[in-house]
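Content type PDB, C-alpha atoms and all ligand atoms, from the file structure_35.pdb:
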ATOM      1  CA  MET Y 495     -15.252  -3.799 -41.546
ATOM      2  CA  SER Y 496     -17.016  -1.253 -39.339
ATOM      3  CA  LEU Y 497     -15.931   2.313 -38.654
ATOM      4  CA  CYS Y 498     -15.001   1.305 -35.079
ATOM      5  CA  ASP Y 499     -12.708  -1.461 -36.375
ATOM      6  CA  GLN Y 500     -10.646   1.208 -38.105
ATOM      7  CA  CYS Y 501     -10.647   3.584 -35.117
ATOM      8  CA  ILE Y 502      -8.466   4.056 -32.037
ATOM      9  CA  GLY Y 503     -11.435   4.330 -29.699
ATOM     10  CA  ALA Y 504     -11.513   8.102 -30.170
ATOM     11  CA  CYS Y 505     -14.801   8.449 -28.285
ATOM     12  CA  CYS Y 506     -13.274   6.688 -25.261
ATOM     13  CA  ARG Y 507     -10.310   9.081 -25.258
ATOM     14  CA  GLU Y 508     -12.418  12.213 -24.879
ATOM     15  CA  PRO Y 509     -12.961  13.997 -21.548
ATOM     16  CA  TRP Y 510     -16.460  13.889 -20.084
ATOM     17  CA  ILE Y 511     -18.843  16.547 -21.371
ATOM     18  CA  GLU Y 512     -21.904  17.212 -19.220
ATOM     19  CA  SER Y 513     -25.271  17.305 -20.938
ATOM     20  CA  PRO Y 514     -28.841  17.983 -19.789
ATOM     21  CA  ALA Y 515     -29.396  14.210 -19.824
ATOM     22  CA  ASP Y 516     -27.002  13.923 -16.868
ATOM     23  CA  PHE Y 517     -29.539  15.765 -14.732
ATOM     24  CA  VAL Y 518     -32.445  13.707 -16.021
ATOM     25  CA  PHE Y 519     -30.689  10.346 -15.588
ATOM     26  CA  PRO Y 520     -28.167  10.942 -12.774
ATOM     27  CA  LYS Y 521     -27.777   7.228 -11.955
ATOM     28  CA  VAL Y 522     -26.789   6.425 -15.524
ATOM     29  CA  THR Y 523     -24.224   9.215 -15.503
ATOM     30  CA  GLU Y 524     -22.927   8.157 -12.089
ATOM     31  CA  GLU Y 525     -22.426   4.571 -13.301
ATOM     32  CA  CYS Y 526     -20.470   5.709 -16.324
ATOM     33  CA  LEU Y 527     -18.333   8.216 -14.437
ATOM     34  CA  ALA Y 528     -17.445   5.575 -11.839
ATOM     35  CA  VAL Y 529     -15.929   3.518 -14.659
ATOM     36  CA  ARG Y 530     -14.334   6.103 -16.890
ATOM     37  CA  GLY Y 531     -13.817   9.245 -14.760
ATOM     38  CA  ARG Y 532     -14.053  12.784 -16.104
ATOM     39  CA  GLU Y 533     -10.801  12.923 -18.014
ATOM     40  CA  GLY Y 534      -9.823  10.979 -21.116
ATOM     41  CA  PRO Y 535      -8.777   8.409 -21.985
ATOM     42  CA  CYS Y 536     -10.961   5.919 -20.151
ATOM     43  CA  PRO Y 537      -8.836   3.575 -18.012
ATOM     44  CA  LYS Y 538     -10.705   0.633 -19.525
ATOM     45  CA  LEU Y 539      -9.456   1.424 -23.026
ATOM     46  CA  THR Y 540      -6.737  -0.951 -24.235
ATOM     47  CA  PRO Y 541      -3.634   0.370 -26.043
ATOM     48  CA  ASP Y 542      -5.070  -0.812 -29.359
ATOM     49  CA  GLY Y 543      -8.278   1.157 -28.837
ATOM     50  CA  ARG Y 544     -10.640  -1.569 -27.618
ATOM     51  CA  CYS Y 545     -12.893  -1.656 -24.564
ATOM     52  CA  SER Y 546     -11.495  -4.140 -22.042
ATOM     53  CA  ILE Y 547     -14.920  -4.494 -20.386
ATOM     54  CA  TYR Y 548     -17.006  -4.454 -23.557
ATOM     55  CA  GLU Y 549     -19.608  -6.960 -22.343
ATOM     56  CA  MET Y 550     -19.946  -5.072 -19.040
ATOM     57  CA  ARG Y 551     -19.583  -1.497 -20.300
ATOM     58  CA  PRO Y 552     -21.873   1.158 -18.808
ATOM     59  CA  LEU Y 553     -25.204   1.978 -20.407
ATOM     60  CA  LEU Y 554     -23.983   5.344 -21.658
ATOM     61  CA  CYS Y 555     -21.189   3.641 -23.577
ATOM     62  CA  ARG Y 556     -23.829   1.541 -25.345
ATOM     63  CA  ILE Y 557     -25.896   4.511 -26.460
ATOM     64  CA  GLY Y 558     -23.300   6.181 -28.660
ATOM     65  CA  GLN Y 559     -23.255   4.959 -32.255
ATOM     66  CA  ALA Y 560     -20.545   5.049 -34.891
ATOM     67  CA  GLY Y 561     -21.217   8.046 -37.097
ATOM     68  CA  ASP Y 562     -23.252  10.048 -34.581
ATOM     69  CA  TRP Y 563     -22.273  13.652 -33.717
ATOM     70  CA  TRP Y 564     -20.191  12.602 -30.703
ATOM     71  CA  CYS Y 565     -18.295  10.017 -32.753
ATOM     72  CA  ILE Y 566     -17.596  12.511 -35.531
ATOM     73  CA  GLU Y 567     -16.427  15.146 -33.040
ATOM     74  CA  ALA Y 568     -14.210  12.651 -31.200
ATOM     75  CA  ARG Y 569     -12.659  11.362 -34.410
ATOM     76  CA  ARG Y 570     -11.980  14.892 -35.602
ATOM     77  CA  ASN Y 571     -10.281  15.699 -32.283
ATOM     78  CA  HIS Y 572      -7.957  12.753 -32.860
ATOM     79  CA  GLY Y 573      -7.100  13.549 -36.455
ATOM     80  CA  LEU Y 574      -9.432  10.964 -38.011
ATOM     81  CA  ALA Y 575     -11.751  11.838 -40.856
TER
HETATM   82  S1  LIG O   1     -17.964   5.178 -32.102
HETATM   83 FE1  LIG O   1     -16.752   6.471 -33.462
HETATM   84  S2  LIG O   1     -15.141   7.342 -32.196
HETATM   85 FE2  LIG O   1     -15.989   5.603 -31.088
HETATM   86  S3  LIG O   1     -14.709   3.839 -31.621
HETATM   87 FE3  LIG O   1     -16.424   3.869 -33.070
HETATM   88  S4  LIG O   1     -15.699   5.041 -34.822
HETATM   89 FE4  LIG O   1     -14.316   5.497 -33.104
HETATM   90  S1  LIG O   2     -15.914   1.640 -20.567
HETATM   91 FE1  LIG O   2     -15.275   0.909 -22.553
HETATM   92  S2  LIG O   2     -16.751   1.808 -24.011
HETATM   93 FE2  LIG O   2     -16.911   2.940 -22.081
HETATM   94  S3  LIG O   2     -15.560   4.726 -22.304
HETATM   95 FE3  LIG O   2     -14.387   3.064 -21.314
HETATM   96  S4  LIG O   2     -13.361   1.966 -22.960
HETATM   97 FE4  LIG O   2     -14.978   3.211 -23.865
END
Whole structure given in structure tokens:
Amino acid sequence: MSLCDQCIGACCREPWIESPADFVFPKVTEECLAVRGREGPCPKLTPDGRCSIYEMRPLLCRIGQAGDWWCIEARRNHGLA
């Protein structure tokens, strides 16, 4: 079982945090913001913490990996180890 299988979609519940990459790849950021908005949680997140558009999710949602710094920070913010 993967880390995500035991999660509530913590990364998808976080508000948007701007990064320098947003200025380098504005179209990628625009695409993601159009789907998820700037506040958390993302409207595409299901009550059980799954992505309802997983196959069609924006590129930025595909870049994050379980266990990376953003994942760890998000999980900590939601009381997960
Ligand atoms: S990437 Fe991390 S925060 Fe996001 S669903 Fe997976 S385990 Fe949870
Ligand atoms: S589109 Fe899916 S993967 Fe992306 S933030 Fe929303 S729920 Fe999470």
For the interface of chain Y with ligand LIG 1 (chain O) (cut-off 8 Å, counting only C-alpha atoms and all ligand atoms), please tabulate each contacting residue of chain Y alongside its nearest pair of atoms and their separation in Å to one decimal, rows sorted by chain and increasing number, as a Markdown table.
| residue | atom | partner | partner_atom | distance |
| --- | --- | --- | --- | --- |
| Y:Ser496 | CA | O:LIG1 | S4 | 7.9 |
| Y:Leu497 | CA | O:LIG1 | S4 | 4.7 |
| Y:Cys498 | CA | O:LIG1 | FE3 | 3.6 |
| Y:Asp499 | CA | O:LIG1 | FE3 | 7.3 |
| Y:Gln500 | CA | O:LIG1 | S4 | 7.1 |
| Y:Cys501 | CA | O:LIG1 | FE4 | 4.6 |
| Y:Ile502 | CA | O:LIG1 | FE4 | 6.1 |
| Y:Gly503 | CA | O:LIG1 | S3 | 3.8 |
| Y:Ala504 | CA | O:LIG1 | S2 | 4.2 |
| Y:Cys505 | CA | O:LIG1 | S2 | 4.1 |
| Y:Cys506 | CA | O:LIG1 | FE2 | 6.5 |
| Y:Gly543 | CA | O:LIG1 | S3 | 7.5 |
| Y:Arg544 | CA | O:LIG1 | S3 | 7.9 |
| Y:Gly558 | CA | O:LIG1 | S1 | 6.4 |
| Y:Gln559 | CA | O:LIG1 | S1 | 5.3 |
| Y:Ala560 | CA | O:LIG1 | S1 | 3.8 |
| Y:Gly561 | CA | O:LIG1 | FE1 | 6.0 |
| Y:Asp562 | CA | O:LIG1 | FE1 | 7.5 |
| Y:Trp564 | CA | O:LIG1 | S2 | 7.4 |
| Y:Cys565 | CA | O:LIG1 | FE1 | 3.9 |
| Y:Ile566 | CA | O:LIG1 | FE1 | 6.4 |
| Y:Glu567 | CA | O:LIG1 | S2 | 8.0 |
| Y:Ala568 | CA | O:LIG1 | S2 | 5.5 |
| Y:Arg569 | CA | O:LIG1 | S2 | 5.2 |
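Computed from the coordinates, the CA of Gly534 (chain Y) to CA of Met495 (chain Y) distance equals 25.8 Å.
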Please measure the separation of CA of Gly573 (chain Y) and CA of Leu553 (chain Y), giving the value in Å to one decimal.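 About the pair CA of Gly573 (chain Y) and CA of Leu553 (chain Y): they are 26.8 Å apart.
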Here is a test: counting only C-alpha atoms, which residue of Y:Cys555, Y:Ala515, Y:Glu549, Y:Asp542 is nearest to Val529 (chain Y)? Y:Cys555
Selection: 12 Å around Ala528 (chain Y), only C-alpha atoms, excl. self and same-chain fewer than 3 positions, as JSON, numbers by chain: {"Y": [510, 521, 522, 523, 524, 525, 531, 532, 533, 536, 537, 538, 551, 552, 554]}
For Pro535 (chain Y), work out the shell of residues within 8 Å, counting only C-alpha atoms and skipping chain neighbours fewer than 5 positions away, then give it as JSON, numbers by chain. {"Y": [506, 507, 508, 509, 530]}
Give me, please, the distance in Å between CA of Thr540 (chain Y) and CA of Pro514 (chain Y), quoted to one decimal. 29.4 Å
Nearest candidate to ligand LIG 2 (chain O) (options Y:Ile511, Y:Met550, Y:Leu539, Y:Ile557; using all atoms listed in the file):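 For ligand LIG 2 (chain O), the nearest of the given residues is Y:Leu539.
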Region 500-508 of chain Y: axis-aligned bounding box, 6 Å on each side, centre and edge lengths in Å, one decimal, as lines of an AutoDock Vina configuration file:
center_x = -11.6
center_y = 6.7
center_z = -31.5
size_x = 18.3
size_y = 23.0
size_z = 25.2
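Each of Y:Pro520, Y:Ser513, Y:Cys545, Y:Leu527 was compared to ligand LIG 2 (chain O) using only C-alpha atoms and all ligand atoms, and Y:Cys545 turns out to be the nearest.
Closest approach to ligand LIG 2 (chain O) among Y:Glu512, Y:Pro541, Y:Trp563, Y:Cys526 is made by Y:Cys526 (distances from all atoms listed in the file).
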